[in-house]
$ cat my_file-v5.pdb   # PDB, C-alpha atoms
ATOM      1  CA  MET A   1       0.000   0.000   0.000
ATOM      2  CA  ASP A   2       2.793   2.400   0.898
ATOM      3  CA  ASP A   3       4.368   1.746  -2.495
ATOM      4  CA  LEU A   4       1.128   2.518  -4.277
ATOM      5  CA  LEU A   5       0.628   5.747  -2.307
ATOM      6  CA  GLN A   6       4.207   6.818  -2.976
ATOM      7  CA  TRP A   7       3.796   5.995  -6.662
ATOM      8  CA  LEU A   8       0.659   8.164  -6.819
ATOM      9  CA  TYR A   9       2.490  10.923  -4.952
ATOM     10  CA  ASP A  10       5.397  10.807  -7.402
ATOM     11  CA  LEU A  11       3.317  10.923 -10.582
ATOM     12  CA  PRO A  12       4.007  14.054 -12.645
ATOM     13  CA  VAL A  13       0.364  15.127 -12.399
ATOM     14  CA  SER A  14       0.512  14.975  -8.585
ATOM     15  CA  GLN A  15       3.654  17.066  -8.645
ATOM     16  CA  THR A  16       1.921  19.624 -10.816
ATOM     17  CA  VAL A  17      -0.979  19.893  -8.372
ATOM     18  CA  ARG A  18       1.470  20.328  -5.480
ATOM     19  CA  GLU A  19       3.872  22.720  -7.074
ATOM     20  CA  LEU A  20       1.882  25.034  -9.333
ATOM     21  CA  LEU A  21       0.411  27.596  -6.969
ATOM     22  CA  TRP A  22      -2.964  28.019  -8.619
ATOM     23  CA  VAL A  23      -3.780  24.386  -9.408
ATOM     24  CA  PHE A  24      -4.640  23.173  -5.901
ATOM     25  CA  PRO A  25      -7.085  25.993  -5.025
ATOM     26  CA  THR A  26      -8.629  25.776  -8.506
ATOM     27  CA  LEU A  27      -9.292  22.056  -8.111
ATOM     28  CA  GLU A  28     -10.564  22.679  -4.599
ATOM     29  CA  TRP A  29     -12.916  25.354  -5.911
ATOM     30  CA  ILE A  30     -14.347  23.046  -8.583
ATOM     31  CA  HIS A  31     -14.630  20.316  -5.955
ATOM     32  CA  ILE A  32     -16.630  22.532  -3.578
ATOM     33  CA  TYR A  33     -18.765  24.207  -6.253
ATOM     34  CA  SER A  34     -19.718  20.807  -7.646
ATOM     35  CA  MET A  35     -20.359  19.575  -4.098
ATOM     36  CA  VAL A  36     -22.938  22.358  -3.715
ATOM     37  CA  PHE A  37     -24.978  20.856  -6.556
ATOM     38  CA  LEU A  38     -24.468  17.282  -5.424
ATOM     39  CA  ILE A  39     -25.708  17.938  -1.912
ATOM     40  CA  THR A  40     -28.427  20.391  -2.937
ATOM     41  CA  VAL A  41     -29.934  17.721  -5.156
ATOM     42  CA  PHE A  42     -29.695  14.959  -2.557
ATOM     43  CA  ALA A  43     -30.981  17.302   0.157
ATOM     44  CA  ALA A  44     -33.916  18.433  -2.004
ATOM     45  CA  LEU A  45     -34.929  14.840  -2.574
ATOM     46  CA  ASP A  46     -34.389  13.899   1.074
ATOM     47  CA  LEU A  47     -36.423  16.863   2.306
ATOM     48  CA  ARG A  48     -39.209  16.003  -0.132
ATOM     49  CA  LEU A  49     -39.156  12.411   1.140
ATOM     50  CA  MET A  50     -39.405  13.733   4.679
ATOM     51  CA  GLY A  51     -42.345  15.950   3.685
ATOM     52  CA  PHE A  52     -40.557  19.168   4.604
ATOM     53  CA  ALA A  53     -40.306  20.796   1.202
ATOM     54  CA  MET A  54     -41.915  20.968  -2.217
ATOM     55  CA  GLU A  55     -45.269  19.721  -0.989
ATOM     56  CA  PRO A  56     -47.508  18.437  -3.707
ATOM     57  CA  HIS A  57     -47.571  20.529  -6.732
ATOM     58  CA  PRO A  58     -49.425  19.185  -9.724
ATOM     59  CA  ARG A  59     -46.161  19.106 -11.601
ATOM     60  CA  GLN A  60     -43.776  17.975  -8.864
ATOM     61  CA  PRO A  61     -44.650  14.447  -7.812
ATOM     62  CA  LEU A  62     -41.886  12.704  -5.895
ATOM     63  CA  SER A  63     -40.965  10.235  -8.618
ATOM     64  CA  GLN A  64     -40.811  12.965 -11.255
ATOM     65  CA  LEU A  65     -38.655  15.146  -9.042
ATOM     66  CA  ALA A  66     -36.243  12.265  -8.518
ATOM     67  CA  LYS A  67     -36.073  11.498 -12.217
ATOM     68  CA  LYS A  68     -35.340  15.123 -13.050
ATOM     69  CA  ILE A  69     -32.756  16.037 -10.470
ATOM     70  CA  LEU A  70     -30.823  12.855  -9.758
ATOM     71  CA  ARG A  71     -29.053  13.094 -13.111
ATOM     72  CA  LEU A  72     -27.473  16.366 -11.948
ATOM     73  CA  ALA A  73     -26.315  14.638  -8.764
ATOM     74  CA  TRP A  74     -24.529  11.886 -10.708
ATOM     75  CA  ILE A  75     -22.821  14.448 -12.949
ATOM     76  CA  SER A  76     -21.651  16.380  -9.882
ATOM     77  CA  LEU A  77     -20.483  13.165  -8.271
ATOM     78  CA  GLY A  78     -18.367  12.424 -11.343
ATOM     79  CA  VAL A  79     -16.785  15.887 -11.220
ATOM     80  CA  ASN A  80     -16.122  15.477  -7.509
ATOM     81  CA  ALA A  81     -14.573  12.059  -8.022
ATOM     82  CA  VAL A  82     -12.134  13.417 -10.617
ATOM     83  CA  THR A  83     -11.146  16.582  -8.705
ATOM     84  CA  GLY A  84     -11.068  14.708  -5.391
ATOM     85  CA  THR A  85      -8.761  12.038  -6.832
ATOM     86  CA  LEU A  86      -6.343  14.681  -8.105
ATOM     87  CA  LEU A  87      -6.320  16.450  -4.738
ATOM     88  CA  PHE A  88      -5.775  13.100  -3.023
ATOM     89  CA  MET A  89      -2.877  12.195  -5.298
ATOM     90  CA  SER A  90      -1.056  15.428  -4.502
ATOM     91  CA  SER A  91      -0.434  14.186  -0.951
ATOM     92  CA  ALA A  92      -1.646  10.603  -1.040
ATOM     93  CA  PRO A  93       0.351   9.234   1.927
ATOM     94  CA  ASP A  94      -0.940  12.019   4.215
ATOM     95  CA  TYR A  95      -4.577  11.735   3.195
ATOM     96  CA  TYR A  96      -4.506   7.953   3.443
ATOM     97  CA  VAL A  97      -3.650   7.920   7.138
ATOM     98  CA  ASN A  98      -5.915  10.881   8.022
ATOM     99  CA  SER A  99      -8.825   9.545  10.084
ATOM    100  CA  ALA A 100     -11.212  12.345   9.038
ATOM    101  CA  PHE A 101     -10.437  11.576   5.402
ATOM    102  CA  ARG A 102     -11.144   7.878   5.937
ATOM    103  CA  ILE A 103     -14.459   8.658   7.607
ATOM    104  CA  LYS A 104     -15.315  10.987   4.729
ATOM    105  CA  ILE A 105     -14.663   8.332   2.078
ATOM    106  CA  LEU A 106     -16.611   5.763   4.082
ATOM    107  CA  LEU A 107     -19.574   8.137   4.429
ATOM    108  CA  ILE A 108     -19.534   8.942   0.699
ATOM    109  CA  ALA A 109     -19.540   5.224  -0.116
ATOM    110  CA  VAL A 110     -22.450   4.657   2.249
ATOM    111  CA  GLY A 111     -24.315   7.738   0.952
ATOM    112  CA  VAL A 112     -23.945   6.805  -2.715
ATOM    113  CA  ALA A 113     -24.792   3.136  -2.158
ATOM    114  CA  TYR A 114     -27.767   4.254  -0.099
ATOM    115  CA  HIS A 115     -29.099   6.490  -2.841
ATOM    116  CA  TRP A 116     -28.661   3.795  -5.417
ATOM    117  CA  ALA A 117     -30.067   0.954  -3.372
ATOM    118  CA  VAL A 118     -32.520   2.208  -0.776
ATOM    119  CA  ILE A 119     -33.930   5.230  -2.510
ATOM    120  CA  GLY A 120     -33.999   3.288  -5.755
ATOM    121  CA  VAL A 121     -36.170   0.758  -3.961
ATOM    122  CA  VAL A 122     -38.252   3.264  -2.024
ATOM    123  CA  LEU A 123     -39.102   5.596  -4.886
ATOM    124  CA  PRO A 124     -40.846   3.044  -7.129
ATOM    125  CA  MET A 125     -42.882   2.007  -4.109
ATOM    126  CA  VAL A 126     -44.168   5.477  -3.345
ATOM    127  CA  ASP A 127     -46.509   5.852  -6.293
ATOM    128  CA  ARG A 128     -49.323   5.974  -3.805
ATOM    129  CA  GLU A 129     -47.753   8.885  -1.968
ATOM    130  CA  ASP A 130     -46.401  10.535  -5.070
ATOM    131  CA  ASN A 131     -48.537  13.620  -4.644
ATOM    132  CA  ALA A 132     -49.012  13.440  -0.886
ATOM    133  CA  ALA A 133     -47.766  16.204   1.401
ATOM    134  CA  ALA A 134     -47.469  14.066   4.523
ATOM    135  CA  MET A 135     -45.027  11.217   4.120
ATOM    136  CA  PRO A 136     -45.218   7.922   6.009
ATOM    137  CA  ILE A 137     -42.649   7.465   8.760
ATOM    138  CA  GLY A 138     -40.629   4.982   6.666
ATOM    139  CA  ASN A 139     -40.022   7.583   3.968
ATOM    140  CA  LYS A 140     -39.087  10.153   6.580
ATOM    141  CA  LEU A 141     -36.477   7.839   8.047
ATOM    142  CA  VAL A 142     -35.047   7.038   4.611
ATOM    143  CA  GLY A 143     -34.721  10.751   3.820
ATOM    144  CA  GLY A 144     -33.434  11.704   7.263
ATOM    145  CA  PHE A 145     -30.711   9.051   7.263
ATOM    146  CA  SER A 146     -29.457  10.167   3.874
ATOM    147  CA  LEU A 147     -29.427  13.824   4.924
ATOM    148  CA  ALA A 148     -27.426  12.916   8.043
ATOM    149  CA  ILE A 149     -24.846  11.054   5.937
ATOM    150  CA  TRP A 150     -24.254  14.051   3.649
ATOM    151  CA  VAL A 151     -23.976  16.449   6.576
ATOM    152  CA  GLY A 152     -21.418  13.985   7.960
ATOM    153  CA  VAL A 153     -19.474  14.064   4.673
ATOM    154  CA  ILE A 154     -19.139  17.856   4.902
ATOM    155  CA  ALA A 155     -18.180  17.728   8.579
ATOM    156  CA  ALA A 156     -15.565  15.014   7.976
ATOM    157  CA  SER A 157     -13.971  16.960   5.131
ATOM    158  CA  ARG A 158     -13.752  20.106   7.222
ATOM    159  CA  TRP A 159     -11.991  18.070   9.875
ATOM    160  CA  ILE A 160      -9.272  16.722   7.572
ATOM    161  CA  ALA A 161      -7.005  19.646   8.346
ATOM    162  CA  PHE A 162      -7.582  19.402  12.086
ATOM    163  CA  VAL A 163      -6.656  15.816  12.957
TER     164      VAL A 163
ATOM    165  CA  MET P   1      -9.945  53.588  15.413
ATOM    166  CA  GLU P   2      -7.837  52.120  12.661
ATOM    167  CA  LEU P   3      -9.037  48.995  10.901
ATOM    168  CA  SER P   4      -6.136  46.974  12.229
ATOM    169  CA  ASP P   5      -6.855  48.156  15.788
ATOM    170  CA  PHE P   6     -10.365  46.849  15.422
ATOM    171  CA  CYS P   7      -9.132  43.538  13.990
ATOM    172  CA  ASN P   8      -6.604  43.157  16.764
ATOM    173  CA  ALA P   9      -9.230  43.904  19.357
ATOM    174  CA  VAL P  10     -11.683  41.271  18.108
ATOM    175  CA  GLN P  11      -9.087  38.620  17.354
ATOM    176  CA  PHE P  12      -7.374  38.925  20.706
ATOM    177  CA  SER P  13     -10.586  39.186  22.685
ATOM    178  CA  SER P  14     -11.123  36.143  24.869
ATOM    179  CA  PHE P  15     -13.963  35.111  22.552
ATOM    180  CA  GLY P  16     -11.812  35.301  19.417
ATOM    181  CA  GLN P  17      -9.031  33.376  21.106
ATOM    182  CA  ALA P  18     -11.444  30.723  22.324
ATOM    183  CA  ILE P  19     -12.470  29.899  18.726
ATOM    184  CA  ASP P  20      -8.984  30.197  17.283
ATOM    185  CA  GLY P  21      -7.438  27.999  19.924
ATOM    186  CA  SER P  22     -10.036  25.268  19.715
ATOM    187  CA  ALA P  23      -9.492  22.072  17.762
ATOM    188  CA  PHE P  24     -13.242  21.520  17.903
ATOM    189  CA  TRP P  25     -14.991  24.874  17.434
ATOM    190  CA  TRP P  26     -13.118  26.025  14.344
ATOM    191  CA  PRO P  27     -13.914  23.003  12.143
ATOM    192  CA  PHE P  28     -17.380  22.787  13.715
ATOM    193  CA  ILE P  29     -18.252  26.376  12.764
ATOM    194  CA  GLU P  30     -16.654  25.898   9.350
ATOM    195  CA  THR P  31     -18.845  22.824   8.791
ATOM    196  CA  ILE P  32     -21.990  24.821   9.547
ATOM    197  CA  HIS P  33     -20.696  27.628   7.304
ATOM    198  CA  LEU P  34     -20.224  25.158   4.445
ATOM    199  CA  ILE P  35     -23.644  23.527   4.901
ATOM    200  CA  ALA P  36     -25.227  26.993   4.863
ATOM    201  CA  LEU P  37     -23.241  27.742   1.706
ATOM    202  CA  VAL P  38     -24.632  24.623   0.046
ATOM    203  CA  LEU P  39     -28.198  25.706   0.810
ATOM    204  CA  LEU P  40     -27.522  29.337  -0.129
ATOM    205  CA  VAL P  41     -25.767  28.758  -3.450
ATOM    206  CA  GLY P  42     -27.925  25.715  -4.200
ATOM    207  CA  SER P  43     -31.232  27.529  -3.770
ATOM    208  CA  ILE P  44     -30.011  30.606  -5.633
ATOM    209  CA  SER P  45     -28.689  28.487  -8.509
ATOM    210  CA  ALA P  46     -32.017  26.653  -8.761
ATOM    211  CA  PHE P  47     -33.773  30.007  -9.220
ATOM    212  CA  ASP P  48     -31.097  31.201 -11.654
ATOM    213  CA  VAL P  49     -31.510  28.210 -13.972
ATOM    214  CA  ARG P  50     -35.253  28.944 -14.097
ATOM    215  CA  LEU P  51     -34.520  32.596 -14.958
ATOM    216  CA  LEU P  52     -32.198  31.387 -17.687
ATOM    217  CA  GLY P  53     -34.886  29.025 -18.966
ATOM    218  CA  LEU P  54     -32.640  25.972 -18.555
ATOM    219  CA  ALA P  55     -34.845  23.975 -16.190
ATOM    220  CA  MET P  56     -38.249  23.899 -14.457
ATOM    221  CA  ARG P  57     -39.710  25.832 -17.347
ATOM    222  CA  ARG P  58     -43.271  24.925 -16.438
ATOM    223  CA  VAL P  59     -43.043  26.054 -12.832
ATOM    224  CA  PRO P  60     -44.281  29.643 -12.407
ATOM    225  CA  VAL P  61     -41.381  31.940 -11.492
ATOM    226  CA  SER P  62     -43.214  33.533  -8.564
ATOM    227  CA  GLN P  63     -44.030  30.143  -7.066
ATOM    228  CA  LEU P  64     -40.433  29.025  -7.291
ATOM    229  CA  ALA P  65     -39.303  32.274  -5.673
ATOM    230  CA  GLU P  66     -41.804  31.836  -2.845
ATOM    231  CA  ARG P  67     -40.556  28.332  -2.121
ATOM    232  CA  LEU P  68     -36.829  28.904  -2.466
ATOM    233  CA  LEU P  69     -36.467  32.312  -0.816
ATOM    234  CA  PRO P  70     -37.058  31.225   2.795
ATOM    235  CA  CYS P  71     -34.286  28.642   2.377
ATOM    236  CA  THR P  72     -32.022  31.280   0.835
ATOM    237  CA  TRP P  73     -32.602  33.787   3.643
ATOM    238  CA  TYR P  74     -32.117  31.306   6.469
ATOM    239  CA  ALA P  75     -28.963  29.996   4.837
ATOM    240  CA  PHE P  76     -27.716  33.564   4.329
ATOM    241  CA  ALA P  77     -28.320  34.414   7.993
ATOM    242  CA  VAL P  78     -26.461  31.288   9.133
ATOM    243  CA  SER P  79     -23.592  32.049   6.709
ATOM    244  CA  ILE P  80     -23.236  35.601   8.054
ATOM    245  CA  LEU P  81     -23.320  34.401  11.658
ATOM    246  CA  THR P  82     -20.818  31.566  11.241
ATOM    247  CA  GLY P  83     -18.696  33.664   8.876
ATOM    248  CA  SER P  84     -18.478  36.420  11.506
ATOM    249  CA  LEU P  85     -17.341  33.911  14.105
ATOM    250  CA  LEU P  86     -14.630  32.580  11.791
ATOM    251  CA  PHE P  87     -13.601  36.154  10.943
ATOM    252  CA  ILE P  88     -13.324  37.130  14.610
ATOM    253  CA  SER P  89     -11.040  34.205  15.378
ATOM    254  CA  GLU P  90      -8.313  35.375  12.984
ATOM    255  CA  ALA P  91      -9.428  38.877  11.995
ATOM    256  CA  GLN P  92      -6.012  40.498  12.007
ATOM    257  CA  THR P  93      -3.708  37.685  10.969
ATOM    258  CA  LYS P  94      -5.774  35.909   8.322
ATOM    259  CA  TYR P  95      -8.771  37.822   7.028
ATOM    260  CA  CYS P  96      -8.854  41.576   7.209
ATOM    261  CA  PHE P  97      -5.951  42.262   4.872
ATOM    262  CA  ASN P  98      -6.380  39.152   2.732
ATOM    263  CA  PRO P  99      -7.172  40.181  -0.873
ATOM    264  CA  ALA P 100      -9.190  37.002  -1.525
ATOM    265  CA  PHE P 101     -11.325  37.703   1.548
ATOM    266  CA  ARG P 102     -11.909  41.299   0.454
ATOM    267  CA  ILE P 103     -12.873  40.182  -3.048
ATOM    268  CA  LYS P 104     -15.233  37.621  -1.528
ATOM    269  CA  LEU P 105     -17.046  40.294   0.514
ATOM    270  CA  LEU P 106     -17.202  42.576  -2.512
ATOM    271  CA  LEU P 107     -18.702  39.803  -4.657
ATOM    272  CA  ILE P 108     -21.318  39.044  -1.969
ATOM    273  CA  LEU P 109     -22.212  42.748  -1.951
ATOM    274  CA  LEU P 110     -22.499  42.783  -5.760
ATOM    275  CA  ALA P 111     -24.636  39.629  -5.694
ATOM    276  CA  GLY P 112     -26.895  41.364  -3.161
ATOM    277  CA  ILE P 113     -27.188  44.445  -5.371
ATOM    278  CA  ASN P 114     -27.927  42.258  -8.395
ATOM    279  CA  MET P 115     -30.672  40.489  -6.455
ATOM    280  CA  SER P 116     -32.174  43.773  -5.172
ATOM    281  CA  VAL P 117     -32.207  45.308  -8.642
ATOM    282  CA  PHE P 118     -34.016  42.224  -9.912
ATOM    283  CA  HIS P 119     -36.498  42.238  -7.057
ATOM    284  CA  PHE P 120     -37.406  45.926  -7.225
ATOM    285  CA  THR P 121     -37.494  46.338 -11.006
ATOM    286  CA  ILE P 122     -37.856  43.266 -13.224
ATOM    287  CA  TYR P 123     -39.680  41.126 -10.685
ATOM    288  CA  ARG P 124     -42.381  43.829 -10.266
ATOM    289  CA  SER P 125     -43.841  42.804 -13.600
ATOM    290  CA  VAL P 126     -43.510  39.070 -12.948
ATOM    291  CA  SER P 127     -47.230  38.501 -13.433
ATOM    292  CA  LYS P 128     -46.763  39.203 -17.141
ATOM    293  CA  TRP P 129     -44.180  36.458 -17.687
ATOM    294  CA  ASP P 130     -44.713  34.234 -14.640
ATOM    295  CA  ALA P 131     -45.669  31.101 -16.560
ATOM    296  CA  ALA P 132     -43.604  31.777 -19.676
ATOM    297  CA  PRO P 133     -40.944  29.111 -20.279
ATOM    298  CA  VAL P 134     -38.733  31.778 -21.840
ATOM    299  CA  THR P 135     -38.085  34.701 -19.526
ATOM    300  CA  PRO P 136     -37.367  38.308 -20.621
ATOM    301  CA  LEU P 137     -33.805  39.252 -21.546
ATOM    302  CA  TRP P 138     -33.300  41.294 -18.372
ATOM    303  CA  ALA P 139     -34.212  38.326 -16.201
ATOM    304  CA  LYS P 140     -31.697  36.205 -18.108
ATOM    305  CA  LEU P 141     -28.977  38.792 -17.596
ATOM    306  CA  VAL P 142     -29.693  38.917 -13.866
ATOM    307  CA  GLY P 143     -29.661  35.109 -13.714
ATOM    308  CA  SER P 144     -26.294  34.903 -15.508
ATOM    309  CA  ALA P 145     -24.789  37.606 -13.302
ATOM    310  CA  SER P 146     -26.002  35.767 -10.231
ATOM    311  CA  VAL P 147     -24.471  32.447 -11.324
ATOM    312  CA  LEU P 148     -21.129  34.135 -12.059
ATOM    313  CA  LEU P 149     -21.082  36.202  -8.868
ATOM    314  CA  TRP P 150     -21.835  33.256  -6.588
ATOM    315  CA  ALA P 151     -19.310  31.054  -8.372
ATOM    316  CA  GLY P 152     -16.863  33.913  -7.741
ATOM    317  CA  VAL P 153     -17.790  33.972  -4.057
ATOM    318  CA  VAL P 154     -16.955  30.263  -3.781
ATOM    319  CA  ILE P 155     -13.668  30.748  -5.708
ATOM    320  CA  ALA P 156     -12.596  33.699  -3.552
ATOM    321  CA  GLY P 157     -13.568  31.801  -0.402
ATOM    322  CA  ARG P 158     -11.336  28.899  -1.395
ATOM    323  CA  TRP P 159      -8.473  31.225  -2.208
ATOM    324  CA  ILE P 160      -8.308  32.867   1.232
ATOM    325  CA  GLY P 161      -5.975  30.179   2.507
ATOM    326  CA  PHE P 162      -3.661  30.451  -0.496
ATOM    327  CA  VAL P 163      -2.730  34.158  -0.665
TER     328      VAL P 163
END
$ encode --input "my_file-v5.pdb" --output "structure tokens"
Amino acid sequence: MDDLLQWLYDLPVSQTVRELLWVFPTLEWIHIYSMVFLITVFAALDLRLMGFAMEPHPRQPLSQLAKKILRLAWISLGVNAVTGTLLFMSSAPDYYVNSAFRIKILLIAVGVAYHWAVIGVVLPMVDREDNAAAMPIGNKLVGGFSLAIWVGVIAASRWIAFV
Amino acid sequence: MELSDFCNAVQFSSFGQAIDGSAFWWPFIETIHLIALVLLVGSISAFDVRLLGLAMRRVPVSQLAERLLPCTWYAFAVSILTGSLLFISEAQTKYCFNPAFRIKLLLILLAGINMSVFHFTIYRSVSKWDAAPVTPLWAKLVGSASVLLWAGVVIAGRWIGFV
């Protein structure tokens, strides 16, 4: 593992990110700006599932909302994966042993798997509640858990520099 | 009182020192600041894409504004509050004379002016184009300016640590 991390660290592209003054903050900016869209989309869907936002509107049933906005989330996730990987490579050995970073990656994995699996299962089942304002408790829990994971992702990333 | 006297006074107050010296409060406040940023820039961007006619073309503009604005204002209030706390903790040494920080504040001010101009002029006649998928040119200009200004705010915010 150490060899792999060192190899990543030594790659010319990692050196560029480390050494050219403007590259790191630029990547970080893209990473954060894209994160805004990723989490806004997930949060919008989670809040709708919890019945806190976007109550029934003839044109905003739950399933339609999901279909429309999730695509944006996957695009943002792709951008974040690319920029995040480059940032990681620039100091791979340090990030790898950082406990906040590990928690962050774990939470992202859980959050993404959760959206794919659980929400993918829940959404087709909610036809009945598609236009309802009040959501059943199951839906609220599904949305609330997801929201908590993404808040955790942000908290963990803020903590990377402090552990 | 000179600006630097003021910055020294707040930074070296017991309150400022308490935040600056804490391994918990600084990342904690920064986490809240970032979550508020997600909701602020996310909700504003959602409205901007409608103004630009890129998405949600069938949702009346006034209805979207009514639903998104509370989120925007709460998020803005939380951003200002947490941002002030972060500022206080390193007012003199990190923020006050940091060009990226100054540009960030200026861009927030410009975004506010852009939003006010929209609200008090173009938005007055919203009933005429509320349901139109294609918004008037002025609304598009305001939407583009808003997207650029808020992207600039995020860029400048990221750059504070690098200048």
$ resolve_selection --input "my_file-v5.pdb" --expression "the PyMOL selection byres ((chain P) within 8 of (chain A))" --output "PyMOL selection string"
chain P and resi 23+27-28+30-31+34-35+37-39+41-43+59+67+151+154-155+158-159+162
$ closest_residue --input "my_file-v5.pdb" --among "P:Val61, P:Val147, P:Ile44, P:Leu51" --to "P:Lys128" --atoms "only C-alpha atoms"
P:Val61
$ residues_around --input "my_file-v5.pdb" --residues "P:His119" --least-positions-apart "4" --cutoff "12 Å" --atoms "all atoms listed in the file" --output "number ranges by chain"
P: 62, 65, 69, 112-115, 123-126, 138-139, 142-143
$ closest_residue --input "my_file-v5.pdb" --among "A:Tyr9, A:Phe52, A:Phe88, A:Trp74" --to "A:His115" --atoms "all atoms listed in the file"
A:Trp74
$ closest_residue --input "my_file-v5.pdb" --among "P:Leu86, P:Val134, P:Val78, P:Leu40" --to "P:Met56" --atoms "all atoms listed in the file"
P:Val134
$ atom_distance --input "my_file-v5.pdb" --atom1 "atom CA of P:Trp150" --atom2 "atom CA of P:Leu107"
7.5 Å
$ closest_residue --input "my_file-v5.pdb" --among "A:Pro61, A:Ser76, A:Ala66, A:Thr16" --to "A:Asp46" --atoms "only C-alpha atoms"
A:Ala66
$ resolve_selection --input "my_file-v5.pdb" --expression "the PyMOL selection byres ((chain A and resi 140) around 9)" --output "PDB file with C-alpha atoms, in the coordinates of the input"
ATOM      1  CA  ASP A  46     -34.389  13.899   1.074  1.00  0.00           C
ATOM      2  CA  LEU A  47     -36.423  16.863   2.306  1.00  0.00           C
ATOM      3  CA  ARG A  48     -39.209  16.003  -0.132  1.00  0.00           C
ATOM      4  CA  LEU A  49     -39.156  12.411   1.140  1.00  0.00           C
ATOM      5  CA  MET A  50     -39.405  13.733   4.679  1.00  0.00           C
ATOM      6  CA  GLY A  51     -42.345  15.950   3.685  1.00  0.00           C
ATOM      7  CA  MET A 135     -45.027  11.217   4.120  1.00  0.00           C
ATOM      8  CA  PRO A 136     -45.218   7.922   6.009  1.00  0.00           C
ATOM      9  CA  ILE A 137     -42.649   7.465   8.760  1.00  0.00           C
ATOM     10  CA  GLY A 138     -40.629   4.982   6.666  1.00  0.00           C
ATOM     11  CA  ASN A 139     -40.022   7.583   3.968  1.00  0.00           C
ATOM     12  CA  LEU A 141     -36.477   7.839   8.047  1.00  0.00           C
ATOM     13  CA  VAL A 142     -35.047   7.038   4.611  1.00  0.00           C
ATOM     14  CA  GLY A 143     -34.721  10.751   3.820  1.00  0.00           C
ATOM     15  CA  GLY A 144     -33.434  11.704   7.263  1.00  0.00           C
ATOM     16  CA  PHE A 145     -30.711   9.051   7.263  1.00  0.00           C
TER      17      PHE A 145
END
$ resolve_selection --input "my_file-v5.pdb" --expression "the PyMOL selection byres ((chain P and resi 93) around 12)" --output "list in words"
Ser4, Asp5, Cys7, Asn8, Ala9, Val10, Gln11, Phe12, Gly16, Asp20, Phe87, Ile88, Ser89, Glu90, Ala91, Gln92, Lys94, Tyr95, Cys96, Phe97, Asn98, Ile160 and Gly161 of chain P
$ atom_distance --input "my_file-v5.pdb" --atom1 "atom CA of A:Thr85" --atom2 "atom CA of A:Ile149"
20.6 Å
$ residues_around --input "my_file-v5.pdb" --residues "A:Met89" --least-positions-apart "3" --cutoff "6 Å" --atoms "all atoms listed in the file" --output "ChimeraX atom specification"
/A:8-9,14,86,92
$ atom_distance --input "my_file-v5.pdb" --atom1 "atom CA of A:Ser63" --atom2 "atom CA of A:Ala117"
15.2 Å
